Amino acid sequence: MALPDNANKLTNGEATSFAEVIELNVGGQVYLTRCATLVSAPDSLLGRIFCGKPGGGGGGGGGGGGSLGESLSRDGKGRYFIDRDGFLFRYILDYLRDNRLVLPEHFPERSRLQREAEFFGLPELARSLAPRRISTQNSITDDACASDCDESSPSSETTIRGGGSGGGGGGRRPGFITVGYRGSYTVARDSQAADAKFRRVARIMVCGKTALAKEVFGETLNESRDPDRPPERYTSRYYLKFTFLEQAFDRLAEAGFHMVACNSNGSAAYAGDLSEDRIWTNYTEYVFFRE
């Protein structure tokens, strides 16, 4: 039987009704990849969707692959739409290409990426991203020492091959982290301090090396303003997803940092005239260091 014009053959010789190059829209992020890449793991969700034969032949399971593909939504430009995290899908695609995954150093989204791996039906990748556990006081599991291995390695990336992980540890690197915040408070007339009304801290900013900031604050570090920054680069564009200074101090203390300096300045302004309350604004920075 002659195949349709838009059919192509996969690496295993089987025919599929999908084009050789597939355009995907994952959570608003557009990806172009070969159909053979998407079906490299036949038992995965993408493998079952895009492994269909022309004429409705069975794919990797759960009905014909063609019907699964047709059930996918399309965006305004006809691309297959998958309502998942578009940023993390790049790592799913990398894993399908090479059967391994290389992550940036101190990658803060391991738990979210594990959830994506489970959704796309990649159990081996999901196991590799499982939470790290300490087995005994003096013995750490392979997953638990992964961050220390990253510290001692000259490479700025963590490689995940199947379910295994590296061994060997290293000391924590020294460095500075600066925590700053801007706040305001109102003092009643005649500067009566007892009547001061403090406002909530709007944002806590973090300055320092990217690798150190990710190590200390992990998933609580908001990277939306400065994504994919090299680990050895300094940055002042990070801020935290919470607004409690004590929580930031606890994380720094747990990571072995101690405060070495602090600085604060403020200015006063009147809300309207001298008879009204005085509003103060201040900016404060705390410098932490780990030997």
# chains A, B, ... in the order shown; residues from 1 in each chain; ligands from 1
>>> residues_around(residues="stretch 261-266 of chain A", least_positions_apart="4", cutoff="6 Å", atoms="only C-alpha atoms", output="PDB file with all heavy atoms, in the first residue's frame")
ATOM      1  N   THR A 281      11.509  56.216  54.266  1.00  0.00           N
ATOM      2  CA  THR A 281      11.883  55.101  53.399  1.00  0.00           C
ATOM      3  C   THR A 281      13.335  54.751  53.685  1.00  0.00           C
ATOM      4  O   THR A 281      14.155  55.639  53.954  1.00  0.00           O
ATOM      5  CB  THR A 281      11.729  55.455  51.913  1.00  0.00           C
ATOM      6  OG1 THR A 281      12.564  56.582  51.615  1.00  0.00           O
ATOM      7  CG2 THR A 281      10.280  55.805  51.585  1.00  0.00           C
ATOM      8  N   ASN A 282      13.638  53.472  53.648  1.00  0.00           N
ATOM      9  CA  ASN A 282      15.002  53.055  53.964  1.00  0.00           C
ATOM     10  C   ASN A 282      15.420  51.892  53.076  1.00  0.00           C
ATOM     11  O   ASN A 282      14.570  51.128  52.586  1.00  0.00           O
ATOM     12  CB  ASN A 282      15.120  52.650  55.426  1.00  0.00           C
ATOM     13  CG  ASN A 282      14.375  51.369  55.736  1.00  0.00           C
ATOM     14  OD1 ASN A 282      13.146  51.346  55.697  1.00  0.00           O
ATOM     15  ND2 ASN A 282      15.083  50.298  56.030  1.00  0.00           N
ATOM     16  N   TYR A 283      16.720  51.778  52.866  1.00  0.00           N
ATOM     17  CA  TYR A 283      17.293  50.635  52.163  1.00  0.00           C
ATOM     18  C   TYR A 283      18.393  50.049  53.035  1.00  0.00           C
ATOM     19  O   TYR A 283      19.256  50.768  53.540  1.00  0.00           O
ATOM     20  CB  TYR A 283      17.884  51.044  50.810  1.00  0.00           C
ATOM     21  CG  TYR A 283      18.500  49.884  50.066  1.00  0.00           C
ATOM     22  CD1 TYR A 283      17.700  48.940  49.432  1.00  0.00           C
ATOM     23  CD2 TYR A 283      19.879  49.722  50.031  1.00  0.00           C
ATOM     24  CE1 TYR A 283      18.256  47.864  48.768  1.00  0.00           C
ATOM     25  CE2 TYR A 283      20.443  48.643  49.360  1.00  0.00           C
ATOM     26  CZ  TYR A 283      19.625  47.719  48.731  1.00  0.00           C
ATOM     27  OH  TYR A 283      20.189  46.651  48.083  1.00  0.00           O
ATOM     28  N   THR A 284      18.357  48.720  53.235  1.00  0.00           N
ATOM     29  CA  THR A 284      19.286  48.047  54.127  1.00  0.00           C
ATOM     30  C   THR A 284      19.938  46.879  53.405  1.00  0.00           C
ATOM     31  O   THR A 284      19.274  46.154  52.654  1.00  0.00           O
ATOM     32  CB  THR A 284      18.564  47.538  55.385  1.00  0.00           C
ATOM     33  OG1 THR A 284      17.900  48.635  56.016  1.00  0.00           O
ATOM     34  CG2 THR A 284      19.551  46.910  56.366  1.00  0.00           C
ATOM     35  N   GLU A 285      21.221  46.693  53.622  1.00  0.00           N
ATOM     36  CA  GLU A 285      21.962  45.565  53.060  1.00  0.00           C
ATOM     37  C   GLU A 285      22.708  44.827  54.169  1.00  0.00           C
ATOM     38  O   GLU A 285      23.233  45.439  55.092  1.00  0.00           O
ATOM     39  CB  GLU A 285      22.978  46.033  52.004  1.00  0.00           C
ATOM     40  CG  GLU A 285      22.361  46.420  50.682  1.00  0.00           C
ATOM     41  CD  GLU A 285      23.404  46.727  49.636  1.00  0.00           C
ATOM     42  OE1 GLU A 285      24.592  46.901  50.013  1.00  0.00           O
ATOM     43  OE2 GLU A 285      23.050  46.793  48.455  1.00  0.00           O
ATOM     44  N   TYR A 286      22.724  43.493  54.055  1.00  0.00           N
ATOM     45  CA  TYR A 286      23.479  42.642  54.957  1.00  0.00           C
ATOM     46  C   TYR A 286      24.455  41.817  54.123  1.00  0.00           C
ATOM     47  O   TYR A 286      24.056  41.203  53.125  1.00  0.00           O
ATOM     48  CB  TYR A 286      22.553  41.704  55.739  1.00  0.00           C
ATOM     49  CG  TYR A 286      21.498  42.421  56.555  1.00  0.00           C
ATOM     50  CD1 TYR A 286      20.238  42.689  56.011  1.00  0.00           C
ATOM     51  CD2 TYR A 286      21.752  42.828  57.864  1.00  0.00           C
ATOM     52  CE1 TYR A 286      19.267  43.347  56.744  1.00  0.00           C
ATOM     53  CE2 TYR A 286      20.783  43.482  58.609  1.00  0.00           C
ATOM     54  CZ  TYR A 286      19.538  43.736  58.046  1.00  0.00           C
ATOM     55  OH  TYR A 286      18.588  44.391  58.775  1.00  0.00           O
ATOM     56  N   VAL A 287      25.714  41.801  54.521  1.00  0.00           N
ATOM     57  CA  VAL A 287      26.745  41.067  53.797  1.00  0.00           C
ATOM     58  C   VAL A 287      27.104  39.814  54.594  1.00  0.00           C
ATOM     59  O   VAL A 287      27.456  39.900  55.775  1.00  0.00           O
ATOM     60  CB  VAL A 287      27.998  41.931  53.574  1.00  0.00           C
ATOM     61  CG1 VAL A 287      29.054  41.152  52.778  1.00  0.00           C
ATOM     62  CG2 VAL A 287      27.637  43.213  52.828  1.00  0.00           C
TER      63      VAL A 287
END
>>> closest_residue(among="A:Ala130, A:Ser40, A:Asp75, A:Gly121", to="A:Asn99", atoms="only C-alpha atoms")
A:Ser40
>>> closest_residue(among="A:Val206, A:Tyr234, A:Phe288, A:Leu45", to="A:Glu118", atoms="only C-alpha atoms")
A:Leu45
>>> closest_residue(among="A:Arg110, A:Arg90, A:Arg74, A:Arg84", to="A:Gly27", atoms="only C-alpha atoms")
A:Arg84
>>> closest_residue(among="A:Ser267, A:Asn25, A:Thr210, A:Thr178", to="A:Trp280", atoms="only C-alpha atoms")
A:Ser267
>>> atom_distance(atom1="atom CA of A:Phe257", atom2="atom CA of A:Tyr239")
18.1 Å
>>> atom_distance(atom1="atom CA of A:Tyr80", atom2="atom CA of A:Val30")
9.6 Å
>>> atom_distance(atom1="atom CA of A:Glu124", atom2="atom CA of A:Phe89")
16.2 Å
